[in-house]
Each structure stands twice: as C-alpha cells, then as structure tokens.
>>> print(open('data_35.cif').read())   # mmCIF, C-alpha atoms and all ligand atoms
data_entry
loop_
_atom_site.label_atom_id
_atom_site.label_comp_id
_atom_site.auth_asym_id
_atom_site.auth_seq_id
_atom_site.Cartn_x
_atom_site.Cartn_y
_atom_site.Cartn_z
CA MET A 1 0.00 0.00 0.00
CA LYS A 2 2.76 2.38 0.95
CA ILE A 3 4.65 1.56 -2.26
CA LYS A 4 1.53 2.26 -4.31
CA LEU A 5 1.10 5.62 -2.63
CA LEU A 6 4.74 6.44 -3.23
CA LEU A 7 4.34 5.60 -6.90
CA ILE A 8 1.32 7.88 -7.15
CA VAL A 9 3.26 10.69 -5.47
CA LEU A 10 6.18 10.10 -7.84
CA PHE A 11 3.87 10.05 -10.84
CA VAL A 12 2.12 13.28 -9.84
CA GLY A 13 5.50 14.85 -9.13
CA LEU A 14 6.76 13.80 -12.54
CA GLN A 15 3.74 15.25 -14.30
CA PHE A 16 4.22 18.49 -12.42
CA SER A 17 7.88 18.68 -13.38
CA ASN A 18 7.01 18.13 -17.05
CA ALA A 19 4.99 21.29 -17.13
CA GLN A 20 7.87 23.14 -15.49
CA GLN A 21 10.21 22.57 -18.42
CA ARG A 22 9.65 24.04 -21.83
CA THR A 23 8.90 21.37 -24.41
CA CYS A 24 7.86 22.26 -27.91
CA GLY A 25 6.01 19.93 -30.28
CA MET A 26 7.34 21.41 -33.52
CA GLU A 27 9.76 18.60 -34.33
CA ALA A 28 7.20 15.87 -33.64
CA HIS A 29 4.70 17.76 -35.80
CA MET A 30 7.22 18.04 -38.64
CA GLU A 31 7.91 14.30 -38.47
CA GLU A 32 4.21 13.78 -39.25
CA VAL A 33 4.37 16.32 -42.08
CA MET A 34 7.45 14.72 -43.61
CA ALA A 35 5.84 11.27 -43.44
CA ASN A 36 3.09 12.51 -45.77
CA PRO A 37 4.44 12.64 -49.35
CA ILE A 38 2.18 15.52 -50.47
CA GLN A 39 2.87 17.63 -47.40
CA LYS A 40 6.57 16.85 -47.65
CA ALA A 41 6.67 18.02 -51.28
CA GLN A 42 4.85 21.24 -50.34
CA TYR A 43 7.28 21.80 -47.47
CA LEU A 44 10.30 21.33 -49.75
CA GLU A 45 8.78 23.74 -52.28
CA ARG A 46 8.36 26.37 -49.55
CA GLN A 47 11.97 25.90 -48.49
CA ALA A 48 13.18 26.27 -52.08
CA LYS A 49 11.30 29.58 -52.41
CA PHE A 50 12.67 30.66 -49.06
CA GLN A 51 16.26 29.94 -50.11
CA ILE A 52 15.96 32.31 -53.08
CA GLU A 53 14.69 35.15 -50.86
CA TYR A 54 17.21 34.37 -48.14
CA GLN A 55 20.11 34.55 -50.59
CA LYS A 56 18.82 37.90 -51.89
CA ILE A 57 18.83 39.32 -48.38
CA LEU A 58 22.30 37.98 -47.60
CA ASP A 59 23.69 39.26 -50.93
CA GLU A 60 22.20 42.67 -50.33
CA GLN A 61 23.73 42.86 -46.86
CA ALA A 62 27.12 41.73 -48.16
CA ASN A 63 27.16 44.50 -50.76
CA PRO A 64 29.28 47.35 -49.35
CA ASN A 65 27.61 49.91 -51.66
CA ARG A 66 24.09 48.99 -50.76
CA VAL A 67 21.52 51.63 -49.97
CA ALA A 68 19.11 50.14 -47.49
CA SER A 69 15.70 49.87 -49.16
CA PRO A 70 12.96 51.60 -47.18
CA GLN A 71 11.18 49.03 -45.04
CA VAL A 72 7.40 49.16 -44.91
CA THR A 73 6.16 47.75 -41.62
CA MET A 74 4.26 44.64 -42.51
CA LYS A 75 0.84 44.21 -40.93
CA ILE A 76 -0.18 40.67 -40.09
CA PRO A 77 -3.86 39.97 -39.48
CA VAL A 78 -4.41 37.63 -36.52
CA ALA A 79 -7.32 35.40 -35.54
CA VAL A 80 -7.46 33.60 -32.19
CA HIS A 81 -9.49 30.46 -31.61
CA PHE A 82 -10.69 28.77 -28.43
CA PRO A 83 -12.26 25.58 -29.82
CA GLU A 84 -12.93 24.14 -26.35
CA VAL A 85 -14.89 27.17 -25.10
CA PRO A 86 -18.56 26.74 -26.10
CA ASN A 87 -20.00 29.57 -28.13
CA THR A 88 -22.84 29.64 -25.61
CA SER A 89 -20.44 30.75 -22.84
CA SER A 90 -21.11 34.00 -20.99
CA GLU A 91 -20.08 37.30 -22.55
CA THR A 92 -17.99 37.84 -19.42
CA LEU A 93 -15.85 34.79 -20.18
CA LYS A 94 -15.64 35.63 -23.87
CA ASN A 95 -14.56 39.21 -23.14
CA CYS A 96 -11.98 37.93 -20.69
CA LEU A 97 -10.56 35.63 -23.39
CA ARG A 98 -10.59 38.45 -25.96
CA ASN A 99 -8.52 40.52 -23.52
CA LEU A 100 -6.22 37.56 -22.92
CA ALA A 101 -5.73 37.30 -26.69
CA GLN A 102 -4.90 41.00 -26.94
CA SER A 103 -2.38 40.67 -24.09
CA GLN A 104 -0.65 38.00 -26.18
CA ILE A 105 -0.63 40.19 -29.30
CA ASN A 106 0.99 42.96 -27.26
CA VAL A 107 3.78 40.56 -26.25
CA ILE A 108 4.60 39.47 -29.80
CA ASN A 109 4.49 43.04 -31.08
CA ALA A 110 7.05 43.99 -28.44
CA ASP A 111 9.23 40.91 -28.92
CA TYR A 112 9.27 40.92 -32.74
CA ASN A 113 10.10 44.64 -32.86
CA ALA A 114 12.75 44.34 -30.15
CA VAL A 115 10.95 46.84 -27.91
CA ASN A 116 10.22 44.38 -25.07
CA SER A 117 11.15 45.96 -21.74
CA ASP A 118 13.60 43.20 -20.74
CA ILE A 119 15.67 43.58 -23.91
CA SER A 120 17.71 46.06 -21.89
CA ASN A 121 19.25 43.02 -20.15
CA TRP A 122 21.19 42.41 -23.34
CA SER A 123 23.49 45.38 -22.85
CA THR A 124 24.84 43.87 -19.64
CA VAL A 125 25.60 40.43 -21.15
CA SER A 126 26.33 41.10 -24.82
CA PHE A 127 30.10 41.07 -24.18
CA PHE A 128 29.80 37.27 -23.81
CA TYR A 129 28.56 37.11 -27.41
CA PRO A 130 30.83 39.04 -29.77
CA GLY A 131 29.32 39.38 -33.25
CA VAL A 132 25.76 38.82 -32.03
CA ASN A 133 23.38 41.75 -32.48
CA LEU A 134 19.70 42.17 -31.70
CA GLY A 135 17.27 41.34 -34.51
CA ASN A 136 14.16 43.38 -35.17
CA LEU A 137 11.63 42.05 -37.70
CA ASP A 138 9.56 45.25 -38.03
CA VAL A 139 6.07 43.72 -38.20
CA GLN A 140 2.77 44.66 -36.63
CA PHE A 141 0.34 41.96 -35.49
CA GLU A 142 -3.31 43.00 -35.26
CA ILE A 143 -6.39 41.00 -34.44
CA ALA A 144 -8.62 41.32 -37.51
CA THR A 145 -11.84 43.28 -37.12
CA GLN A 146 -13.26 43.65 -40.64
CA ASN A 147 -14.65 41.44 -43.40
CA HIS A 148 -14.65 38.26 -41.33
CA PRO A 149 -15.00 34.94 -43.15
CA ALA A 150 -18.56 34.03 -44.08
CA GLY A 151 -20.31 31.67 -41.70
CA THR A 152 -18.31 32.59 -38.63
CA GLY A 153 -21.07 34.74 -37.17
CA LEU A 154 -18.60 37.55 -36.44
CA SER A 155 -19.79 41.04 -37.32
CA ASN A 156 -17.73 43.92 -38.65
CA GLY A 157 -15.97 45.79 -35.88
CA THR A 158 -15.71 42.78 -33.54
CA VAL A 159 -12.38 41.05 -33.05
CA ALA A 160 -11.61 37.77 -34.84
CA VAL A 161 -11.70 35.61 -31.71
CA THR A 162 -13.80 32.45 -32.03
CA PHE A 163 -15.33 30.11 -29.46
CA GLY A 164 -16.14 26.47 -30.10
CA THR A 165 -16.71 26.97 -33.81
CA ASP A 166 -13.45 26.58 -35.74
CA PHE A 167 -10.35 24.36 -35.65
CA LEU A 168 -12.52 21.65 -34.10
CA ASN A 169 -11.50 18.06 -33.30
CA GLY A 170 -7.82 18.85 -32.83
CA ALA A 171 -7.42 20.34 -36.31
CA ASP A 172 -4.27 22.36 -36.92
CA SER A 173 -5.52 23.94 -40.13
CA ASP A 174 -8.93 25.35 -41.07
CA PHE A 175 -9.63 26.76 -44.53
CA THR A 176 -12.23 29.14 -43.13
CA TRP A 177 -9.28 31.02 -41.68
CA SER A 178 -6.91 30.99 -44.60
CA GLY A 179 -5.11 34.31 -44.95
CA TYR A 180 -4.76 34.88 -41.20
CA MET A 181 -2.05 34.25 -38.65
CA ASN A 182 -4.03 31.85 -36.52
CA PHE A 183 -3.54 30.94 -32.89
CA VAL A 184 -5.49 28.02 -31.47
CA VAL A 185 -5.55 27.70 -27.69
CA ARG A 186 -6.55 24.29 -26.35
CA ASP A 187 -5.65 21.63 -23.82
CA GLU A 188 -2.56 19.81 -25.09
CA GLY A 189 -1.95 17.86 -21.88
CA ASN A 190 1.09 18.34 -19.66
CA GLN A 191 3.80 17.42 -22.11
CA ILE A 192 4.07 20.29 -24.55
CA LEU A 193 3.57 24.03 -24.36
CA GLY A 194 2.64 24.36 -28.00
CA TYR A 195 3.65 23.61 -31.55
CA SER A 196 3.77 25.11 -34.99
CA PRO A 197 4.63 23.89 -38.46
CA LEU A 198 8.16 24.85 -39.49
CA ALA A 199 7.53 27.36 -42.30
CA GLY A 200 3.75 27.67 -42.02
CA THR A 201 1.27 28.40 -44.80
CA PRO A 202 -1.36 31.08 -44.04
CA ALA A 203 -3.15 30.27 -47.31
CA ALA A 204 -3.83 26.79 -45.95
CA GLY A 205 -5.31 28.21 -42.75
CA GLN A 206 -2.51 26.72 -40.69
CA THR A 207 -2.10 27.66 -37.07
CA VAL A 208 0.20 27.86 -34.10
CA VAL A 209 -1.31 25.63 -31.39
CA MET A 210 -0.92 26.78 -27.79
CA ASN A 211 -1.56 25.05 -24.51
CA THR A 212 -4.04 26.67 -22.11
CA PHE A 213 -1.51 27.64 -19.42
CA CYS A 214 1.01 29.53 -21.54
CA PHE A 215 -1.09 31.81 -23.76
CA GLY A 216 -1.34 35.50 -22.90
CA SER A 217 0.57 37.44 -20.30
CA VAL A 218 0.44 37.43 -16.52
CA GLY A 219 -2.20 39.68 -14.98
CA ASN A 220 -4.70 38.35 -17.48
CA GLY A 221 -6.39 34.98 -17.41
CA CYS A 222 -9.83 33.46 -17.39
CA SER A 223 -11.42 30.23 -16.18
CA GLY A 224 -9.18 27.41 -17.46
CA TYR A 225 -6.88 29.80 -19.31
CA PHE A 226 -4.42 31.26 -16.83
CA PRO A 227 -0.87 32.08 -17.89
CA SER A 228 1.18 30.11 -15.35
CA ALA A 229 4.76 30.63 -14.19
CA PRO A 230 7.32 30.06 -15.54
CA PHE A 231 5.52 30.40 -18.90
CA ASN A 232 3.32 33.36 -18.02
CA LEU A 233 4.88 36.13 -20.11
CA GLY A 234 3.58 35.07 -23.51
CA ARG A 235 6.98 33.96 -24.79
CA THR A 236 5.78 30.52 -25.88
CA VAL A 237 3.90 32.22 -28.72
CA THR A 238 7.02 34.24 -29.56
CA HIS A 239 8.92 30.92 -29.80
CA GLU A 240 6.27 29.00 -31.79
CA LEU A 241 5.72 31.89 -34.18
CA GLY A 242 9.47 31.82 -34.85
CA HIS A 243 8.97 28.27 -36.15
CA PHE A 244 6.03 29.40 -38.30
CA PHE A 245 8.44 31.95 -39.82
CA ASN A 246 10.97 29.18 -40.50
CA LEU A 247 13.27 29.43 -37.47
CA ASN A 248 14.67 26.25 -36.04
CA HIS A 249 15.69 25.66 -32.45
CA THR A 250 19.11 27.11 -31.69
CA PHE A 251 20.05 23.69 -30.31
CA LYS A 252 18.79 21.70 -33.29
CA SER A 253 21.30 19.11 -34.41
CA ALA A 254 21.81 18.19 -38.04
CA ASN A 255 20.82 14.74 -36.87
CA PRO A 256 17.21 15.13 -35.67
CA ASN A 257 17.63 12.30 -33.20
CA SER A 258 20.59 13.73 -31.38
CA THR A 259 21.47 17.05 -29.93
CA ASN A 260 25.20 17.10 -29.63
CA CYS A 261 28.21 18.91 -31.00
CA GLY A 262 28.77 16.37 -33.75
CA GLY A 263 26.27 17.60 -36.34
CA ALA A 264 26.44 20.51 -38.77
CA ASP A 265 25.50 24.01 -37.57
CA SER A 266 22.24 23.25 -35.84
CA ASP A 267 19.86 25.99 -36.97
CA GLY A 268 21.83 26.97 -40.08
CA ILE A 269 22.19 30.54 -38.81
CA ALA A 270 25.71 31.87 -38.49
CA ASP A 271 25.27 34.26 -35.57
CA THR A 272 23.57 31.84 -33.16
CA PRO A 273 26.31 29.80 -31.44
CA LYS A 274 26.04 26.09 -32.04
CA GLN A 275 24.93 24.42 -28.84
CA ALA A 276 24.87 20.82 -27.67
CA ALA A 277 21.52 20.79 -25.91
CA SER A 278 18.51 22.89 -25.02
CA THR A 279 18.75 25.25 -22.04
CA TYR A 280 16.06 24.92 -19.38
CA GLY A 281 15.04 27.26 -16.59
CA CYS A 282 17.06 30.43 -16.15
CA ALA A 283 20.72 29.93 -16.99
CA THR A 284 23.17 32.64 -16.04
CA PRO A 285 24.11 34.33 -19.34
CA GLY A 286 27.55 33.30 -20.56
CA SER A 287 27.66 30.36 -18.16
CA ILE A 288 27.27 27.54 -20.69
CA SER A 289 29.91 26.77 -23.29
CA ALA A 290 28.75 26.44 -26.87
CA CYS A 291 30.17 23.79 -29.21
CA THR A 292 32.90 26.03 -30.60
CA PHE A 293 35.32 27.39 -28.02
CA PRO A 294 35.16 30.13 -26.73
CA GLU A 295 31.52 30.73 -27.76
CA LYS A 296 28.79 30.68 -25.12
CA VAL A 297 25.26 29.32 -25.44
CA LEU A 298 22.77 32.07 -26.28
CA SER A 299 20.35 30.96 -23.57
CA MET A 300 18.31 34.20 -23.70
CA ASN A 301 17.32 33.55 -27.30
CA TYR A 302 13.61 32.99 -28.00
CA MET A 303 14.41 29.79 -29.90
CA ASP A 304 16.03 28.04 -26.93
CA TYR A 305 14.00 26.42 -24.12
CA SER A 306 14.61 28.93 -21.30
CA ASP A 307 11.77 30.14 -19.08
CA ASP A 308 9.78 33.14 -20.28
CA ALA A 309 11.53 35.53 -17.91
CA CYS A 310 14.95 34.52 -19.22
CA MET A 311 14.44 34.74 -23.00
CA TYR A 312 14.27 38.15 -24.58
CA MET A 313 15.98 38.36 -27.98
CA PHE A 314 16.29 37.31 -31.61
CA THR A 315 19.56 37.77 -33.50
CA VAL A 316 20.06 39.60 -36.80
CA GLY A 317 20.67 36.21 -38.46
CA GLN A 318 17.30 34.97 -37.21
CA LYS A 319 15.64 38.19 -38.35
CA ASN A 320 17.06 37.61 -41.85
CA VAL A 321 15.57 34.10 -41.97
CA MET A 322 12.16 35.30 -40.80
CA GLN A 323 12.21 38.27 -43.19
CA ALA A 324 13.07 36.02 -46.13
CA TYR A 325 10.33 33.55 -45.24
CA LEU A 326 7.80 36.34 -44.68
CA ASN A 327 8.65 37.71 -48.13
CA THR A 328 7.53 34.39 -49.59
CA ILE A 329 4.19 34.33 -47.73
CA ALA A 330 3.41 38.06 -47.36
CA ASN A 331 0.80 37.98 -50.10
CA GLN A 332 -1.05 35.13 -48.40
CA PHE A 333 -2.25 37.42 -45.61
CA ASN A 334 -5.62 39.14 -46.05
CA GLN A 335 -5.12 42.86 -45.74
CA ASN A 336 -8.72 44.01 -45.96
CA VAL A 337 -9.55 42.55 -42.55
CA LEU A 338 -7.71 45.15 -40.49
CA ALA A 339 -9.38 48.26 -39.13
CA ASN A 340 -6.91 51.02 -39.92
CA ASP A 341 -6.56 49.87 -43.46
CA ASP A 342 -4.62 52.52 -45.33
CA LEU A 343 -4.31 50.09 -48.21
CA ILE A 344 -7.95 50.52 -49.15
CA LYS A 345 -7.08 53.37 -51.51
CA ASN A 346 -5.15 50.89 -53.63
CA ASN A 347 -7.92 48.39 -53.56
CA PHE A 348 -9.23 46.30 -56.43
CA SER A 349 -12.30 44.25 -57.23
CA ILE A 350 -12.83 40.96 -59.02
CA SER A 351 -15.83 39.93 -61.03
CA PRO A 352 -17.43 37.58 -61.46
CA ASN A 353 -16.65 35.75 -58.25
CA PRO A 354 -17.23 32.78 -58.12
CA ASN A 355 -16.17 32.22 -61.73
CA LYS A 356 -15.11 29.48 -64.14
CA GLY A 357 -11.45 30.49 -64.20
CA THR A 358 -11.80 33.70 -66.22
CA PHE A 359 -12.44 36.99 -64.49
CA GLU A 360 -11.82 40.69 -64.65
CA LEU A 361 -9.66 42.46 -62.14
CA GLN A 362 -10.66 46.10 -61.75
CA LEU A 363 -8.29 48.57 -60.12
CA ILE A 364 -9.88 51.43 -58.24
CA ASP A 365 -6.81 53.67 -58.38
CA ASN A 366 -4.46 54.08 -61.27
CA VAL A 367 -1.39 52.09 -60.24
CA THR A 368 1.09 51.96 -63.10
CA ASN A 369 3.57 49.36 -61.89
CA TYR A 370 2.34 46.24 -60.20
CA SER A 371 2.42 42.48 -60.31
CA ILE A 372 -0.33 39.92 -59.95
CA GLN A 373 0.18 36.52 -58.43
CA ILE A 374 -2.51 33.88 -58.02
CA PHE A 375 -1.98 30.87 -55.83
CA ASP A 376 -3.95 27.97 -54.44
CA THR A 377 -4.57 27.01 -50.83
CA SER A 378 -1.24 25.21 -50.59
CA GLY A 379 0.57 28.38 -51.69
CA ARG A 380 1.36 26.98 -55.17
CA VAL A 381 1.51 29.77 -57.76
CA VAL A 382 -0.84 29.19 -60.73
CA PHE A 383 -0.57 32.61 -62.40
CA GLU A 384 2.03 35.33 -62.29
CA ASN A 385 2.48 38.49 -64.34
CA GLU A 386 4.12 41.90 -64.05
CA TYR A 387 2.50 45.06 -65.37
CA ILE A 388 4.94 47.90 -65.98
CA GLN A 389 3.85 51.39 -67.09
CA ASN A 390 0.36 50.05 -67.35
CA THR A 391 -2.44 52.58 -67.61
CA SER A 392 -5.40 50.26 -67.94
CA LEU A 393 -7.68 50.04 -64.91
CA SER A 394 -8.70 46.49 -65.64
CA GLN A 395 -7.12 43.18 -66.57
CA THR A 396 -8.85 40.06 -67.81
CA ILE A 397 -7.22 36.96 -66.42
CA THR A 398 -7.74 33.35 -67.42
CA LEU A 399 -6.43 30.53 -65.27
CA GLU A 400 -5.59 27.75 -67.70
CA ALA A 401 -6.86 24.34 -66.59
CA ALA A 402 -7.56 25.51 -63.05
CA SER A 403 -9.38 22.89 -61.03
CA SER A 404 -12.31 24.11 -58.98
CA GLY A 405 -11.57 25.44 -55.53
CA ILE A 406 -10.36 28.45 -53.59
CA TYR A 407 -7.61 30.67 -55.00
CA PHE A 408 -5.97 33.86 -53.81
CA VAL A 409 -5.40 36.82 -56.08
CA SER A 410 -2.62 39.02 -54.84
CA ILE A 411 -1.67 42.37 -56.27
CA LYS A 412 1.62 43.93 -55.31
CA SER A 413 2.61 47.54 -55.88
CA LYS A 414 5.53 49.45 -54.44
CA ASP A 415 3.66 50.31 -51.24
CA ALA A 416 1.19 47.52 -50.70
CA ILE A 417 0.31 43.89 -51.13
CA ILE A 418 -3.41 43.17 -51.17
CA THR A 419 -4.88 39.70 -51.46
CA LYS A 420 -8.43 38.59 -52.19
CA LYS A 421 -10.01 35.19 -52.22
CA ILE A 422 -11.81 33.84 -55.30
CA ILE A 423 -13.72 30.66 -55.97
CA VAL A 424 -13.31 28.79 -59.23
CA GLU A 425 -16.29 26.54 -59.91
ZN ZN B 501 10.16 24.99 -30.55
#
>>> encode(input="data_35.cif", output="structure tokens")
Amino acid sequence: MKIKLLLIVLFVGLQFSNAQQRTCGMEAHMEEVMANPIQKAQYLERQAKFQIEYQKILDEQANPNRVASPQVTMKIPVAVHFPEVPNTSSETLKNCLRNLAQSQINVINADYNAVNSDISNWSTVSFFYPGVNLGNLDVQFEIATQNHPAGTGLSNGTVAVTFGTDFLNGADSDFTWSGYMNFVVRDEGNQILGYSPLAGTPAAGQTVVMNTFCFGSVGNGCSGYFPSAPFNLGRTVTHELGHFFNLNHTFKSANPNSTNCGGADSDGIADTPKQAASTYGCATPGSISACTFPEKVLSMNYMDYSDDACMYMFTVGQKNVMQAYLNTIANQFNQNVLANDDLIKNNFSISPNPNKGTFELQLIDNVTNYSIQIFDTSGRVVFENEYIQNTSLSQTITLEAASSGIYFVSIKSKDAIITKKIIVE
C-alpha cells in the first residue's frame, strides 16, 4: 500500500515537473508532415522559395555599396481560436478571453520589434557574445476586425476571436481562416507548451497551437486559461511563431535524433552559437559553453528552451531568416480585414466571383507598376504576371486548366500587397 502511494506521489511529481520545463512539439509535428508525401513536397517547395529570398537578403547585406531599401512595416492579421470554449459561454468569459488574446498580441508586437522591456538586459551580457546583435523584424500583429469569413457569425468591428466553432477536433488547419495568422488555444496535456509547423502556410489556414496555461501574459487569465509561471509572459507564442516563420531551435542538431556537438550548424544561422543541448530554466548568461570554443550558449534567445523571464531576444541572423520567409508568404495574408486599413485606396475588385477560371480584375486607383500573383490554398503559384507602365484600370485573367476550388489573387505595388479570395467553380 505504501509503495503504491509512493508511486502515485512520484507520478504526480513527474507530471508536475514536465509542465515546469519548456517542451515544444514542432519537431514531432514536422515528423508527421514529412511522413506525408504531399505535405513533404509542399514543405520542400516552400523551403526552395525561401532559399531564393534568403540569398537575396544575404547578398544585399554583403554589398558594401548597398543603400538600405525603405522598409514598410508589414501588418499581419491575426485570428485567435478557443475551440474548447462553447459559443454559448457567458459574454464575461468571452470578453476575458478576448482581452487575454490582446495581451498575447501585445507581447509578440514587443518581442518581434525588439521593444520588449527586458531587452535592456542584453546590454549587460552582450560582451559574452561578440558578433551577435539584436534582430528586429519590423512587423505589426493586429487581431482582424473587418470582413470576417462568411459563416463565422462575427460582425464587422468585432475582433476575430472564435469560441467552439473553428479548428474543431484537434485540427491544426482550417480553410475558413486561410489568410490569417491563426492561434489556437486548447488543452494539449502536460507534455508540450505548443507547436507550430516549421515554415507555415497562411493560405492553408494553418495555425500555431498553444496550450491553455502559456497563452497571454500574466495579470490576465480566465477560467481554465491562466498564464502560469514560468511560462506566463507570452513567450511561448514568440517561440512558436518563430517556427512558423521558418526558425529552427538554436540547439537543433543536423541529426534530428541527437542534440550534440557532432552535427552541422544546428539551426543553419551563423550568428547563433552552435549548442549541444537545449537550455532549461534560467541559466546565467555566458555560463554555458557552446560547441565552438570560446563561444557561449545564447540561452536568452527565444528559440532556446529557457523560461519566459529569461528569454528576450532574436539575432540579426534569425531576423534575416524570418524576413526572407515572410517575403515568400506576405501575399497570403488578407489585408482588408484590419481596421486602420490605409491600403484601401489601392484596392481592387474581381468579377465575377465565383467564376469558371476567367475573371476581370478592376483597379480602383491608377497604379502603373504592379504584379499579380494567383496561388492555391497550398501556396502553389498558378498565375504570375508583371504590369509595368500600365495605364489600364482592368485586366482580364484566365487561369488555364484551373481545377475548382479556392484561389488567392494578390496584387503587389511598391507600397502595398493586397490579397483577395476567389472561388473557381
Ligand atoms: Zn520549438
């Protein structure tokens, strides 16, 4: 009897300790993806596109005569989903969860723009890491408020936060929400804090999945959804979103089954020191040796496994990877779903929609130089054309041999990318 009790105590203790260490489900998720031939091919295609953009960025930075191109802050429309909260729940609970979602958006806006308050810690430890500089992605995340997907019951002006209606039955993609940066918050047990695809596809309605106890920031929280120490500062989303934007773990080995110093440079990024294993808890900066003497493990990096309070930075190398990947998926994000939409003036319309593969694209403003790209829900490009010194306000486009389904028409000018959904019947 005593032994049985001891075992129960040990078991409960073990479960408790699991939740105290960061564990991310990205690699397990990617094993599933890579075991599916279609998904694997799509993944490899995304990485090939990424490599082209990545090389462009590296070449530009290596050019001593370069004039930095003006950066337009990219706006990313967000939708947050609580599939396990019934839609019949009280408005009080729903409002609490909407506020929790906003608290999380505030964290990623700070972290991805390197304006988080604890980034000041870097100045006191950076001498351990010569050649490492802070990365700033220059993006703005906003919960969508306009033109919500049909059938979601959300009205214009309300935030895109759903309850019990989407991403049901453990789904990690939902076509209703293609074109958004999705976050799904649900019970994932004690083992993992969350997961994301590596190099996610907004057009496919893919999502970052978050456990219930590490979404949002401390001071917020609602029944069943309380940010809990040591993962109560919203950094799990910062970490998982890094995967969605194609960042690997800083401790990733070239051999997926081992984390040691033997493999090639783990994350493929030059300015993150190669490390033998993940860092848990709150390591003293500069206290752990990296694989190459005299480098130290960058334990405060968002892509390690430190506690929320002890991770606070991306590197420039990581920023370059995310920027390159974002360049390949930027036109997959819906831009007409955000409130302060200064892109509206460059808007366009499509008719007829639905159509049989031939339609007219009507520009509202006279934009002379632009390109049009049309892609399917897997992100595969089915039409691409550039229009230079073009004065016509309309273009007739025919998609040759397009099978029926949802497509995205994206128009890119020098100051905007706008994407609209069409249905080919
Ligand atoms: Zn991870």
>>> residues_near_point(input="data_35.cif", point="(3.8, 34.7, -42.5)", cutoff="10 Å", atoms="all atoms listed in the file", output="list in words")
Met74, Ile76, Pro77, Gly179, Tyr180, Met181, Ala199, Gly200, Thr201, Pro202, Ala203, Leu241, Gly242, Phe244, Phe245, Asn246, Met322, Gln323, Tyr325, Leu326, Asn327, Thr328, Ile329, Ala330, Asn331, Gln332 and Phe333 of chain A
>>> atom_distance(input="data_35.cif", atom1="CA of Arg235 in chain A", atom2="CA of Phe167 in chain A")
22.6 Å
>>> atom_distance(input="data_35.cif", atom1="CA of Val72 in chain A", atom2="CA of Asn136 in chain A")
13.2 Å
>>> residues_near_point(input="data_35.cif", point="(6.9, 16.6, -36.7)", cutoff="12 Å", atoms="all atoms listed in the file", output="PyMOL selection string")
chain A and resi 24-36+39-40+43+195-198+243+256
>>> residues_around(input="data_35.cif", residues="range 94-99 of chain A", least_positions_apart="5", cutoff="12 Å", atoms="all atoms listed in the file", output="PyMOL selection string")
chain A and resi 79-82+85-89+104-106+143+158-164+185+212+215-227
>>> closest_residue(input="data_35.cif", among="A:Asn320, A:Asn147, A:Thr23, A:Asn301", to="Asn190 in chain A", atoms="only C-alpha atoms")
A:Thr23
